[in-house]
$ cat structure-v3.pdb   # PDB, C-alpha atoms and all ligand atoms
ATOM      1  CA  MET A 157      53.495 129.074 129.783
ATOM      2  CA  LEU A 158      57.278 129.065 130.291
ATOM      3  CA  GLU A 159      59.306 131.843 131.835
ATOM      4  CA  VAL A 160      63.083 131.561 131.987
ATOM      5  CA  LYS A 161      64.689 134.292 134.094
ATOM      6  CA  ARG A 162      68.466 134.833 134.227
ATOM      7  CA  LEU A 163      69.196 131.145 133.696
ATOM      8  CA  GLN A 164      72.915 130.773 134.362
ATOM      9  CA  LYS A 165      75.233 127.848 133.786
ATOM     10  CA  VAL A 166      78.997 128.119 133.668
ATOM     11  CA  TYR A 167      81.346 125.632 132.017
ATOM     12  CA  ASP A 168      85.123 126.235 131.820
ATOM     13  CA  THR A 169      85.079 128.588 128.857
ATOM     14  CA  PHE A 170      81.355 129.069 128.395
ATOM     15  CA  GLU A 171      78.767 131.041 130.300
ATOM     16  CA  LEU A 172      75.035 130.776 129.696
ATOM     17  CA  ASP A 173      72.988 133.698 130.983
ATOM     18  CA  CYS A 174      69.645 133.990 129.267
ATOM     19  CA  SER A 175      66.032 134.958 129.804
ATOM     20  CA  PHE A 176      63.095 134.259 127.547
ATOM     21  CA  THR A 177      59.368 133.588 127.566
ATOM     22  CA  VAL A 178      57.225 131.073 125.735
ATOM     23  CA  LYS A 179      53.615 132.216 125.534
ATOM     24  CA  SER A 180      50.671 129.930 125.201
ATOM     25  CA  GLY A 181      49.336 129.686 121.639
ATOM     26  CA  ARG A 182      52.721 130.602 120.185
ATOM     27  CA  VAL A 183      55.714 128.868 118.678
ATOM     28  CA  THR A 184      58.944 130.306 120.040
ATOM     29  CA  GLY A 185      62.242 129.684 118.295
ATOM     30  CA  LEU A 186      65.728 129.817 119.749
ATOM     31  CA  ILE A 187      68.237 130.347 116.958
ATOM     32  CA  GLY A 188      71.967 130.247 117.417
ATOM     33  CA  GLN A 189      75.152 128.913 115.940
ATOM     34  CA  ASN A 190      76.804 125.672 117.046
ATOM     35  CA  GLY A 191      77.898 126.045 120.637
ATOM     36  CA  ALA A 192      75.697 129.098 121.303
ATOM     37  CA  GLY A 193      74.083 127.407 124.303
ATOM     38  CA  LYS A 194      70.744 126.115 122.996
ATOM     39  CA  SER A 195      71.089 122.538 124.276
ATOM     40  CA  THR A 196      72.496 123.717 127.603
ATOM     41  CA  ALA A 197      69.464 125.989 128.066
ATOM     42  CA  PHE A 198      67.009 123.208 127.148
ATOM     43  CA  LYS A 199      68.676 120.681 129.440
ATOM     44  CA  ALA A 200      68.653 123.140 132.342
ATOM     45  CA  ILE A 201      64.956 123.899 131.743
ATOM     46  CA  LEU A 202      64.193 120.189 131.855
ATOM     47  CA  GLY A 203      66.299 119.676 134.980
ATOM     48  CA  LEU A 204      68.682 117.325 133.134
ATOM     49  CA  ILE A 205      71.639 119.449 134.207
ATOM     50  CA  ALA A 206      71.852 121.560 137.342
ATOM     51  CA  LYS A 207      71.619 125.299 136.747
ATOM     52  CA  ASP A 208      73.940 127.636 138.673
ATOM     53  CA  SER A 209      71.201 130.217 139.186
ATOM     54  CA  GLY A 210      68.028 131.627 137.715
ATOM     55  CA  LYS A 211      64.334 130.873 137.833
ATOM     56  CA  ILE A 212      62.331 128.625 135.561
ATOM     57  CA  VAL A 213      58.564 128.787 135.835
ATOM     58  CA  MET A 214      56.463 126.463 133.728
ATOM     59  CA  PHE A 215      52.635 126.304 133.767
ATOM     60  CA  GLY A 216      52.810 128.875 136.584
ATOM     61  CA  LYS A 217      54.942 126.631 138.834
ATOM     62  CA  ASP A 218      58.656 126.634 139.637
ATOM     63  CA  ILE A 219      60.137 123.560 137.924
ATOM     64  CA  GLU A 220      61.883 122.668 141.146
ATOM     65  CA  GLN A 221      58.429 121.810 142.496
ATOM     66  CA  PHE A 222      57.453 119.733 139.474
ATOM     67  CA  THR A 223      55.766 116.367 140.039
ATOM     68  CA  ASN A 224      55.753 113.490 137.553
ATOM     69  CA  GLN A 225      52.248 114.553 136.602
ATOM     70  CA  ASP A 226      53.484 118.050 135.731
ATOM     71  CA  LYS A 227      56.267 116.545 133.614
ATOM     72  CA  GLU A 228      53.712 114.637 131.567
ATOM     73  CA  GLN A 229      52.445 117.972 130.260
ATOM     74  CA  ILE A 230      55.716 118.414 128.368
ATOM     75  CA  GLY A 231      56.628 116.689 125.106
ATOM     76  CA  VAL A 232      60.373 116.533 124.626
ATOM     77  CA  ALA A 233      62.768 115.751 121.777
ATOM     78  CA  LEU A 234      66.415 116.511 122.469
ATOM     79  CA  ALA A 235      69.290 116.620 120.006
ATOM     80  CA  ASP A 236      71.217 113.812 121.641
ATOM     81  CA  SER A 237      68.310 111.718 122.898
ATOM     82  CA  GLY A 238      66.487 108.871 121.276
ATOM     83  CA  PHE A 239      65.608 105.257 121.723
ATOM     84  CA  SER A 240      68.131 102.467 121.742
ATOM     85  CA  GLY A 241      68.764 101.491 118.141
ATOM     86  CA  TYR A 242      68.162  97.850 119.008
ATOM     87  CA  LEU A 243      64.516  98.489 119.844
ATOM     88  CA  ARG A 244      61.645  98.444 117.381
ATOM     89  CA  ILE A 245      58.587 100.721 117.523
ATOM     90  CA  LYS A 246      56.522  97.744 118.675
ATOM     91  CA  ASP A 247      58.958  97.452 121.646
ATOM     92  CA  ILE A 248      58.703 101.095 122.668
ATOM     93  CA  LEU A 249      54.914 101.232 122.434
ATOM     94  CA  PRO A 250      54.272  99.573 125.835
ATOM     95  CA  VAL A 251      56.984 101.784 127.385
ATOM     96  CA  LEU A 252      55.209 104.913 126.163
ATOM     97  CA  GLN A 253      51.865 103.624 127.416
ATOM     98  CA  ALA A 254      53.390 103.011 130.832
ATOM     99  CA  MET A 255      55.172 106.374 130.895
ATOM    100  CA  TYR A 256      52.292 108.653 129.936
ATOM    101  CA  ALA A 257      48.815 108.388 131.378
ATOM    102  CA  GLU A 258      47.542 110.402 128.411
ATOM    103  CA  PHE A 259      49.403 108.448 125.719
ATOM    104  CA  ASP A 260      47.137 108.292 122.653
ATOM    105  CA  LYS A 261      47.876 104.889 121.159
ATOM    106  CA  GLU A 262      45.397 105.219 118.275
ATOM    107  CA  PHE A 263      46.864 108.569 117.227
ATOM    108  CA  PHE A 264      50.421 107.258 117.516
ATOM    109  CA  LEU A 265      49.710 104.160 115.403
ATOM    110  CA  ARG A 266      47.904 106.264 112.798
ATOM    111  CA  GLN A 267      50.936 108.553 112.576
ATOM    112  CA  MET A 268      53.356 105.604 112.253
ATOM    113  CA  LYS A 269      51.323 104.407 109.288
ATOM    114  CA  HIS A 270      50.990 107.873 107.759
ATOM    115  CA  PHE A 271      54.750 108.473 107.900
ATOM    116  CA  HIS A 272      55.632 104.916 106.838
ATOM    117  CA  LEU A 273      57.505 104.136 110.041
ATOM    118  CA  PRO A 274      57.723 100.345 110.298
ATOM    119  CA  MET A 275      56.704  98.754 113.587
ATOM    120  CA  ASP A 276      59.122  95.834 113.441
ATOM    121  CA  LYS A 277      62.337  97.288 112.069
ATOM    122  CA  LYS A 278      65.212  98.110 114.431
ATOM    123  CA  ILE A 279      65.449 101.887 114.975
ATOM    124  CA  LYS A 280      69.189 101.776 114.195
ATOM    125  CA  ASP A 281      68.217 100.875 110.634
ATOM    126  CA  PHE A 282      65.941 103.943 110.259
ATOM    127  CA  SER A 283      67.102 106.878 108.114
ATOM    128  CA  THR A 284      67.910 110.231 109.814
ATOM    129  CA  GLY A 285      64.510 111.561 108.717
ATOM    130  CA  MET A 286      62.650 108.524 110.085
ATOM    131  CA  LYS A 287      64.412 108.822 113.463
ATOM    132  CA  ALA A 288      63.650 112.557 113.634
ATOM    133  CA  LYS A 289      59.969 112.015 112.819
ATOM    134  CA  LEU A 290      59.688 109.215 115.386
ATOM    135  CA  LYS A 291      61.146 111.452 118.124
ATOM    136  CA  VAL A 292      58.730 114.279 117.356
ATOM    137  CA  LEU A 293      55.728 111.961 116.959
ATOM    138  CA  VAL A 294      56.463 110.491 120.382
ATOM    139  CA  ALA A 295      56.580 114.028 121.795
ATOM    140  CA  VAL A 296      53.157 114.933 120.327
ATOM    141  CA  SER A 297      51.391 111.672 121.211
ATOM    142  CA  HIS A 298      50.460 112.278 124.843
ATOM    143  CA  HIS A 299      48.449 115.515 124.684
ATOM    144  CA  ALA A 300      51.282 117.680 126.029
ATOM    145  CA  LYS A 301      50.677 121.374 126.594
ATOM    146  CA  LEU A 302      54.225 122.369 125.733
ATOM    147  CA  LEU A 303      56.731 120.850 123.328
ATOM    148  CA  ILE A 304      60.440 121.394 123.883
ATOM    149  CA  LEU A 305      62.322 120.404 120.748
ATOM    150  CA  ASP A 306      66.066 120.818 120.411
ATOM    151  CA  GLU A 307      67.184 120.924 116.755
ATOM    152  CA  PRO A 308      64.478 118.533 115.517
ATOM    153  CA  THR A 309      65.170 119.433 111.873
ATOM    154  CA  ALA A 310      68.960 118.850 111.987
ATOM    155  CA  GLY A 311      70.200 116.796 109.064
ATOM    156  CA  LEU A 312      66.816 116.529 107.326
ATOM    157  CA  ASP A 313      66.194 117.040 103.610
ATOM    158  CA  VAL A 314      63.617 119.634 102.517
ATOM    159  CA  VAL A 315      60.747 117.159 102.247
ATOM    160  CA  ALA A 316      61.383 115.497 105.617
ATOM    161  CA  ARG A 317      61.770 118.934 107.228
ATOM    162  CA  ASP A 318      58.481 120.085 105.783
ATOM    163  CA  GLU A 319      56.689 116.954 106.960
ATOM    164  CA  LEU A 320      58.094 117.474 110.426
ATOM    165  CA  LEU A 321      56.978 121.113 110.480
ATOM    166  CA  ASP A 322      53.493 119.955 109.395
ATOM    167  CA  ILE A 323      53.322 117.648 112.431
ATOM    168  CA  LEU A 324      54.097 120.674 114.610
ATOM    169  CA  ARG A 325      51.574 122.920 112.838
ATOM    170  CA  GLU A 326      48.898 120.274 113.371
ATOM    171  CA  PHE A 327      49.854 120.008 117.038
ATOM    172  CA  MET A 328      49.306 123.762 117.405
ATOM    173  CA  GLU A 329      46.052 123.794 115.426
ATOM    174  CA  GLU A 330      44.436 121.144 117.640
ATOM    175  CA  ASP A 331      44.492 123.304 120.759
ATOM    176  CA  GLU A 332      45.050 127.051 120.893
ATOM    177  CA  GLU A 333      46.478 126.884 124.419
ATOM    178  CA  ARG A 334      49.458 124.784 123.369
ATOM    179  CA  ALA A 335      52.950 126.122 122.818
ATOM    180  CA  ILE A 336      56.262 125.023 121.341
ATOM    181  CA  LEU A 337      59.834 125.953 122.192
ATOM    182  CA  ILE A 338      62.068 124.862 119.325
ATOM    183  CA  SER A 339      65.717 125.438 118.490
ATOM    184  CA  SER A 340      67.760 125.376 115.313
ATOM    185  CA  HIS A 341      70.982 126.764 113.956
ATOM    186  CA  ILE A 342      69.288 127.171 110.569
ATOM    187  CA  SER A 343      66.908 130.102 110.720
ATOM    188  CA  ALA A 344      65.162 129.184 107.461
ATOM    189  CA  ASP A 345      63.939 126.025 109.197
ATOM    190  CA  LEU A 346      62.060 128.086 111.732
ATOM    191  CA  GLU A 347      60.950 131.299 110.065
ATOM    192  CA  THR A 348      57.739 129.853 108.612
ATOM    193  CA  LEU A 349      56.787 128.121 111.865
ATOM    194  CA  CYS A 350      57.704 130.503 114.673
ATOM    195  CA  ASP A 351      55.724 133.455 115.990
ATOM    196  CA  ASP A 352      58.566 134.641 118.209
ATOM    197  CA  LEU A 353      62.289 134.371 117.641
ATOM    198  CA  TYR A 354      65.123 134.663 120.125
ATOM    199  CA  MET A 355      68.688 134.738 118.851
ATOM    200  CA  ILE A 356      71.318 133.369 121.164
ATOM    201  CA  ASP A 357      75.040 133.958 120.784
ATOM    202  CA  ASN A 358      77.751 132.825 123.163
ATOM    203  CA  GLY A 359      75.217 132.093 125.892
ATOM    204  CA  LYS A 360      73.378 135.439 125.688
ATOM    205  CA  ILE A 361      70.147 136.464 123.958
ATOM    206  CA  VAL A 362      71.186 139.091 121.412
ATOM    207  CA  LEU A 363      67.799 139.710 119.846
ATOM    208  CA  HIS A 364      64.144 138.953 120.534
ATOM    209  CA  GLU A 365      61.573 139.827 117.945
ATOM    210  CA  ASP A 366      58.190 138.832 116.597
ATOM    211  CA  SER A 367      58.941 136.854 113.387
ATOM    212  CA  ASP A 368      56.572 139.002 111.300
ATOM    213  CA  VAL A 369      58.311 142.156 112.512
ATOM    214  CA  LEU A 370      61.707 140.633 111.811
ATOM    215  CA  LEU A 371      60.704 139.850 108.254
ATOM    216  CA  SER A 372      58.896 143.125 107.574
ATOM    217  CA  ASP A 373      60.821 145.842 109.443
ATOM    218  CA  TYR A 374      64.440 144.704 109.473
ATOM    219  CA  ALA A 375      66.655 145.497 106.490
ATOM    220  CA  ILE A 376      70.269 145.798 105.407
ATOM    221  CA  LEU A 377      71.488 149.171 104.133
ATOM    222  CA  LYS A 378      74.516 149.126 101.850
ATOM    223  CA  LEU A 379      76.172 152.519 102.080
ATOM    224  CA  ASP A 380      79.296 154.148 100.637
ATOM    225  CA  LYS A 381      81.426 156.229 102.985
ATOM    226  CA  GLN A 382      79.731 159.531 102.154
ATOM    227  CA  GLN A 383      76.226 158.073 102.608
ATOM    228  CA  PHE A 384      77.321 156.504 105.894
ATOM    229  CA  ASP A 385      78.737 159.800 107.179
ATOM    230  CA  THR A 386      75.537 161.716 106.437
ATOM    231  CA  ILE A 387      72.773 159.210 107.193
ATOM    232  CA  ASP A 388      70.587 159.538 110.301
ATOM    233  CA  LYS A 389      71.844 156.654 112.443
ATOM    234  CA  GLN A 390      69.159 156.615 115.130
ATOM    235  CA  TYR A 391      67.615 153.365 113.811
ATOM    236  CA  ILE A 392      70.862 151.613 112.919
ATOM    237  CA  LEU A 393      71.421 148.623 115.201
ATOM    238  CA  ARG A 394      74.711 147.266 113.880
ATOM    239  CA  VAL A 395      77.417 148.337 111.421
ATOM    240  CA  LYS A 396      79.969 146.251 109.572
ATOM    241  CA  LYS A 397      82.789 147.670 107.484
ATOM    242  CA  GLU A 398      82.873 146.267 103.943
ATOM    243  CA  VAL A 399      85.044 146.826 100.861
ATOM    244  CA  TYR A 400      82.385 149.124  99.329
ATOM    245  CA  GLY A 401      81.747 151.071 102.552
ATOM    246  CA  TYR A 402      79.354 150.001 105.299
ATOM    247  CA  ARG A 403      76.703 147.374 105.790
ATOM    248  CA  CYS A 404      74.109 148.502 108.344
ATOM    249  CA  LEU A 405      71.269 146.664 110.064
ATOM    250  CA  THR A 406      68.093 148.599 110.804
ATOM    251  CA  ASN A 407      64.796 147.636 112.404
ATOM    252  CA  GLN A 408      63.056 150.611 110.743
ATOM    253  CA  LYS A 409      63.186 149.746 107.059
ATOM    254  CA  ARG A 410      60.326 152.096 106.121
ATOM    255  CA  TYR A 411      62.028 155.128 107.639
ATOM    256  CA  TYR A 412      65.081 154.690 105.425
ATOM    257  CA  LEU A 413      63.043 153.764 102.322
ATOM    258  CA  GLU A 414      61.011 156.982 102.690
ATOM    259  CA  ASN A 415      63.844 159.323 103.617
ATOM    260  CA  TYR A 416      66.694 157.924 101.528
ATOM    261  CA  PRO A 417      65.101 156.587  98.324
ATOM    262  CA  GLU A 418      68.476 156.618  96.525
ATOM    263  CA  MET A 419      70.108 154.196  98.947
ATOM    264  CA  VAL A 420      70.471 150.431  98.480
ATOM    265  CA  ILE A 421      68.149 148.855 101.026
ATOM    266  CA  GLU A 422      67.801 145.083 100.972
ATOM    267  CA  LYS A 423      65.177 143.042 102.740
ATOM    268  CA  GLY A 424      67.333 141.178 105.262
ATOM    269  CA  THR A 425      66.884 137.461 105.733
ATOM    270  CA  ILE A 426      66.892 136.164 109.289
ATOM    271  CA  ASP A 427      70.424 134.847 108.648
ATOM    272  CA  ASP A 428      71.516 138.367 107.601
ATOM    273  CA  VAL A 429      70.071 139.746 110.810
ATOM    274  CA  ILE A 430      71.825 137.092 112.906
ATOM    275  CA  LEU A 431      75.153 137.688 111.173
ATOM    276  CA  MET A 432      74.890 141.418 111.689
ATOM    277  CA  MET A 433      73.823 141.073 115.335
ATOM    278  CA  VAL A 434      76.708 138.720 116.037
ATOM    279  CA  ARG A 435      79.475 140.149 113.849
ATOM    280  CA  GLY A 436      78.511 143.792 113.393
ATOM    281  CA  ASN A 437      79.462 146.611 115.746
ATOM    282  CA  GLU A 438      77.026 148.552 117.867
ATOM    283  CA  GLN A 439      76.388 152.169 116.977
TER
HETATM  284  N1  LIG B   1      79.071 118.992 129.952
HETATM  285  C1  LIG B   1      79.778 120.008 129.472
HETATM  286  N2  LIG B   1      80.989 120.303 129.971
HETATM  287  C2  LIG B   1      81.713 121.346 129.524
HETATM  288  N3  LIG B   1      81.306 122.179 128.541
HETATM  289  C3  LIG B   1      80.085 121.934 127.990
HETATM  290  C4  LIG B   1      79.276 120.834 128.420
HETATM  291  N4  LIG B   1      78.140 120.849 127.698
HETATM  292  C5  LIG B   1      78.225 121.890 126.844
HETATM  293  N5  LIG B   1      79.389 122.548 127.020
HETATM  294  C6  LIG B   1      79.845 123.746 126.305
HETATM  295  O1  LIG B   1      78.814 124.706 126.353
HETATM  296  C7  LIG B   1      78.758 125.436 125.134
HETATM  297  C8  LIG B   1      77.343 125.412 124.601
HETATM  298  O2  LIG B   1      77.040 124.111 124.145
HETATM  299  P1  LIG B   1      75.564 123.713 123.667
HETATM  300  O3  LIG B   1      75.584 122.255 123.370
HETATM  301  O4  LIG B   1      74.582 124.202 124.638
HETATM  302  O5  LIG B   1      75.422 124.562 122.319
HETATM  303  P2  LIG B   1      74.309 124.469 121.183
HETATM  304  O6  LIG B   1      73.873 125.869 120.915
HETATM  305  O7  LIG B   1      73.267 123.488 121.563
HETATM  306  O8  LIG B   1      75.189 123.937 119.978
HETATM  307  P3  LIG B   1      74.860 122.916 118.782
HETATM  308  O9  LIG B   1      74.019 123.661 117.787
HETATM  309  O10 LIG B   1      76.217 122.609 118.255
HETATM  310  O11 LIG B   1      74.160 121.729 119.392
HETATM  311  C9  LIG B   1      79.798 124.826 124.217
HETATM  312  O12 LIG B   1      80.965 125.635 124.279
HETATM  313  C10 LIG B   1      80.052 123.473 124.829
HETATM  314  O13 LIG B   1      81.376 123.041 124.579
END

$ encode --input "structure-v3.pdb" --output "structure tokens"
Amino acid sequence: MLEVKRLQKVYDTFELDCSFTVKSGRVTGLIGQNGAGKSTAFKAILGLIAKDSGKIVMFGKDIEQFTNQDKEQIGVALADSGFSGYLRIKDILPVLQAMYAEFDKEFFLRQMKHFHLPMDKKIKDFSTGMKAKLKVLVAVSHHAKLLILDEPTAGLDVVARDELLDILREFMEEDEERAILISSHISADLETLCDDLYMIDNGKIVLHEDSDVLLSDYAILKLDKQQFDTIDKQYILRVKKEVYGYRCLTNQKRYYLENYPEMVIEKGTIDDVILMMVRGNEQ
């Protein structure tokens, strides 16, 4: 559904150079710390900033050839976008109807009611959670094929985050051809939603893995010096020196559980994996 190949964008001290794929029927997450390049990648995909090089193919077509009709197939919520705070939902409704041929007014109004979003209150007086839900509900209200959501869960409490993820799950359940590209710097926000995860660090993709594989096969080994010296290191991806010895990241948890039952092997969280990929050393 979306293929990003060697997308490059250079700012003074920052260089984005990434490739990734969003498949139809799947939710793909881009996880990275502040400043890793997530928003830059999203803006370049949407043509909001000029890329230096690379190829972006969406729905089988180069985005440089995109028509307004093609653009209507995308639902977008960006980190620094939103409606003017002086507008009310009742003011933006006609704008949305004019913008999207497929805008589903009944669905949108139902959702406003369901999430208690008032039609005649200025958006500037909405809470962070209300603004976030409004942005995502706008993105899902015109039968898009692909959603591109940059940090939609930023600043939300657990309940608001869960409600927002439910909107996205529903969007996916309605049509198995749909797809979502979503970013966050908090991996826990995405691990229950995403099928595929890409980790981005300093403009580069450092890891791509199926979320189930990440949760089932990756682990952290905590080894003293003697264990570290003798262990088979063929499935060790990263190593970090610690006070007690070495912390190692593997993507073959079972191999070490079976062959080294005496060792401390912890189920790594996605944050552990990111930290090791970014701060650990290669073998
Ligand atoms: N217009 C710009 N001019 C110069 N540098 C920029 C510009 N936009 C972004 N950058 C730089 O590019 C890098 C990546 O920024 P980007 O906003 O893409 O990161 P991010 O992963 O979205 O971070 P965050 O989670 O904080 O939103 C940063 O070092 C940022 O300072």

$ atom_distance --input "structure-v3.pdb" --atom1 "CA of Leu243 in chain A" --atom2 "CA of Leu303 in chain A"
23.9 Å

$ closest_atom_pairs --input "structure-v3.pdb" --of "chain A" --to "ligand LIG 1 (chain B)" --cutoff "9 Å" --atoms "only C-alpha atoms and all ligand atoms" --output "JSON lines"
{"residue": "A:Lys165", "atom": "CA", "partner": "B:LIG1", "partner_atom": "O1", "distance": 8.8}
{"residue": "A:Val166", "atom": "CA", "partner": "B:LIG1", "partner_atom": "O1", "distance": 8.1}
{"residue": "A:Tyr167", "atom": "CA", "partner": "B:LIG1", "partner_atom": "N3", "distance": 4.9}
{"residue": "A:Asp168", "atom": "CA", "partner": "B:LIG1", "partner_atom": "C2", "distance": 6.4}
{"residue": "A:Thr169", "atom": "CA", "partner": "B:LIG1", "partner_atom": "O12", "distance": 6.8}
{"residue": "A:Phe170", "atom": "CA", "partner": "B:LIG1", "partner_atom": "O12", "distance": 5.4}
{"residue": "A:Glu171", "atom": "CA", "partner": "B:LIG1", "partner_atom": "O1", "distance": 7.5}
{"residue": "A:Leu172", "atom": "CA", "partner": "B:LIG1", "partner_atom": "C8", "distance": 7.7}
{"residue": "A:Ile187", "atom": "CA", "partner": "B:LIG1", "partner_atom": "O6", "distance": 8.2}
{"residue": "A:Gly188", "atom": "CA", "partner": "B:LIG1", "partner_atom": "O6", "distance": 5.9}
{"residue": "A:Gln189", "atom": "CA", "partner": "B:LIG1", "partner_atom": "O9", "distance": 5.7}
{"residue": "A:Asn190", "atom": "CA", "partner": "B:LIG1", "partner_atom": "O10", "distance": 3.3}
{"residue": "A:Gly191", "atom": "CA", "partner": "B:LIG1", "partner_atom": "O5", "distance": 3.3}
{"residue": "A:Ala192", "atom": "CA", "partner": "B:LIG1", "partner_atom": "O6", "distance": 3.7}
{"residue": "A:Gly193", "atom": "CA", "partner": "B:LIG1", "partner_atom": "O4", "distance": 3.3}
{"residue": "A:Lys194", "atom": "CA", "partner": "B:LIG1", "partner_atom": "O6", "distance": 3.8}
{"residue": "A:Ser195", "atom": "CA", "partner": "B:LIG1", "partner_atom": "O7", "distance": 3.6}
{"residue": "A:Thr196", "atom": "CA", "partner": "B:LIG1", "partner_atom": "O4", "distance": 3.7}
{"residue": "A:Ala197", "atom": "CA", "partner": "B:LIG1", "partner_atom": "O4", "distance": 6.4}
{"residue": "A:Phe198", "atom": "CA", "partner": "B:LIG1", "partner_atom": "O4", "distance": 8.0}
{"residue": "A:Lys199", "atom": "CA", "partner": "B:LIG1", "partner_atom": "O4", "distance": 8.4}
{"residue": "A:Ile205", "atom": "CA", "partner": "B:LIG1", "partner_atom": "N1", "distance": 8.6}
{"residue": "A:Ala235", "atom": "CA", "partner": "B:LIG1", "partner_atom": "O11", "distance": 7.1}
{"residue": "A:Asp236", "atom": "CA", "partner": "B:LIG1", "partner_atom": "O11", "distance": 8.7}
{"residue": "A:Asp306", "atom": "CA", "partner": "B:LIG1", "partner_atom": "O7", "distance": 7.8}
{"residue": "A:Glu307", "atom": "CA", "partner": "B:LIG1", "partner_atom": "O9", "distance": 7.4}
{"residue": "A:Ser339", "atom": "CA", "partner": "B:LIG1", "partner_atom": "O7", "distance": 8.4}
{"residue": "A:Ser340", "atom": "CA", "partner": "B:LIG1", "partner_atom": "O9", "distance": 6.9}
{"residue": "A:His341", "atom": "CA", "partner": "B:LIG1", "partner_atom": "O9", "distance": 5.8}
{"residue": "A:Ile356", "atom": "CA", "partner": "B:LIG1", "partner_atom": "O6", "distance": 7.9}
{"residue": "A:Asp357", "atom": "CA", "partner": "B:LIG1", "partner_atom": "O6", "distance": 8.2}
{"residue": "A:Asn358", "atom": "CA", "partner": "B:LIG1", "partner_atom": "C8", "distance": 7.6}
{"residue": "A:Gly359", "atom": "CA", "partner": "B:LIG1", "partner_atom": "C8", "distance": 7.1}

$ residues_around --input "structure-v3.pdb" --residues "range 327-331 of chain A" --least-positions-apart "3" --cutoff "9 Å" --atoms "all atoms listed in the file" --output "PyMOL selection string"
chain A and resi 181-183+296+299+301+322-324+334-336

$ resolve_selection --input "structure-v3.pdb" --expression "the PyMOL selection byres (((chain A and resi 239) around 10) and not hetatm)" --output "number ranges by chain"
A: 237-238, 240-245, 248, 279-280, 287, 290-291

$ resolve_selection --input "structure-v3.pdb" --expression "the PyMOL selection byres (((chain A and resi 264-269) around 12) and not hetatm)" --output "PyMOL selection string"
chain A and resi 245-246+248-250+252-253+258-263+270-276+286-287+289-299+319-320+323+326

$ write_last_selection --input "structure-v3.pdb" --atoms "C-alpha atoms" --output "PDB file, in the coordinates of the input"
ATOM      1  CA  ILE A 245      58.587 100.721 117.523  1.00  0.00           C
ATOM      2  CA  LYS A 246      56.522  97.744 118.675  1.00  0.00           C
ATOM      3  CA  ILE A 248      58.703 101.095 122.668  1.00  0.00           C
ATOM      4  CA  LEU A 249      54.914 101.232 122.434  1.00  0.00           C
ATOM      5  CA  PRO A 250      54.272  99.573 125.835  1.00  0.00           C
ATOM      6  CA  LEU A 252      55.209 104.913 126.163  1.00  0.00           C
ATOM      7  CA  GLN A 253      51.865 103.624 127.416  1.00  0.00           C
ATOM      8  CA  GLU A 258      47.542 110.402 128.411  1.00  0.00           C
ATOM      9  CA  PHE A 259      49.403 108.448 125.719  1.00  0.00           C
ATOM     10  CA  ASP A 260      47.137 108.292 122.653  1.00  0.00           C
ATOM     11  CA  LYS A 261      47.876 104.889 121.159  1.00  0.00           C
ATOM     12  CA  GLU A 262      45.397 105.219 118.275  1.00  0.00           C
ATOM     13  CA  PHE A 263      46.864 108.569 117.227  1.00  0.00           C
ATOM     14  CA  HIS A 270      50.990 107.873 107.759  1.00  0.00           C
ATOM     15  CA  PHE A 271      54.750 108.473 107.900  1.00  0.00           C
ATOM     16  CA  HIS A 272      55.632 104.916 106.838  1.00  0.00           C
ATOM     17  CA  LEU A 273      57.505 104.136 110.041  1.00  0.00           C
ATOM     18  CA  PRO A 274      57.723 100.345 110.298  1.00  0.00           C
ATOM     19  CA  MET A 275      56.704  98.754 113.587  1.00  0.00           C
ATOM     20  CA  ASP A 276      59.122  95.834 113.441  1.00  0.00           C
ATOM     21  CA  MET A 286      62.650 108.524 110.085  1.00  0.00           C
ATOM     22  CA  LYS A 287      64.412 108.822 113.463  1.00  0.00           C
ATOM     23  CA  LYS A 289      59.969 112.015 112.819  1.00  0.00           C
ATOM     24  CA  LEU A 290      59.688 109.215 115.386  1.00  0.00           C
ATOM     25  CA  LYS A 291      61.146 111.452 118.124  1.00  0.00           C
ATOM     26  CA  VAL A 292      58.730 114.279 117.356  1.00  0.00           C
ATOM     27  CA  LEU A 293      55.728 111.961 116.959  1.00  0.00           C
ATOM     28  CA  VAL A 294      56.463 110.491 120.382  1.00  0.00           C
ATOM     29  CA  ALA A 295      56.580 114.028 121.795  1.00  0.00           C
ATOM     30  CA  VAL A 296      53.157 114.933 120.327  1.00  0.00           C
ATOM     31  CA  SER A 297      51.391 111.672 121.211  1.00  0.00           C
ATOM     32  CA  HIS A 298      50.460 112.278 124.843  1.00  0.00           C
ATOM     33  CA  HIS A 299      48.449 115.515 124.684  1.00  0.00           C
ATOM     34  CA  GLU A 319      56.689 116.954 106.960  1.00  0.00           C
ATOM     35  CA  LEU A 320      58.094 117.474 110.426  1.00  0.00           C
ATOM     36  CA  ILE A 323      53.322 117.648 112.431  1.00  0.00           C
ATOM     37  CA  GLU A 326      48.898 120.274 113.371  1.00  0.00           C
TER      38      GLU A 326
END

$ resolve_selection --input "structure-v3.pdb" --expression "the PyMOL selection byres (((chain A and resi 232) around 7) and not hetatm)" --output "number ranges by chain"
A: 230-231, 233-234, 295, 303-305

$ closest_residue --input "structure-v3.pdb" --among "A:Ile421, A:Leu202, A:Leu186, A:Ile430" --to "Cys350 in chain A" --atoms "only C-alpha atoms"
A:Leu186

$ residues_around --input "structure-v3.pdb" --residues "Glu418 in chain A" --least-positions-apart "5" --cutoff "10 Å" --atoms "all atoms listed in the file" --output "list in words"
Gln383, Tyr412 and Leu413 of chain A

$ atom_distance --input "structure-v3.pdb" --atom1 "CA of Asp218 in chain A" --atom2 "CA of Asp173 in chain A"
18.2 Å

$ residues_around --input "structure-v3.pdb" --residues "Val314 in chain A" --least-positions-apart "4" --cutoff "12 Å" --atoms "only C-alpha atoms" --output "ChimeraX atom specification"
/A:285,309-310,318-321,344-345

$ residues_around --input "structure-v3.pdb" --residues "Arg403 in chain A" --least-positions-apart "3" --cutoff "9 Å" --atoms "only C-alpha atoms" --output "MDAnalysis selection string"
chainID A and resid 376:380 394:398 400 432 436
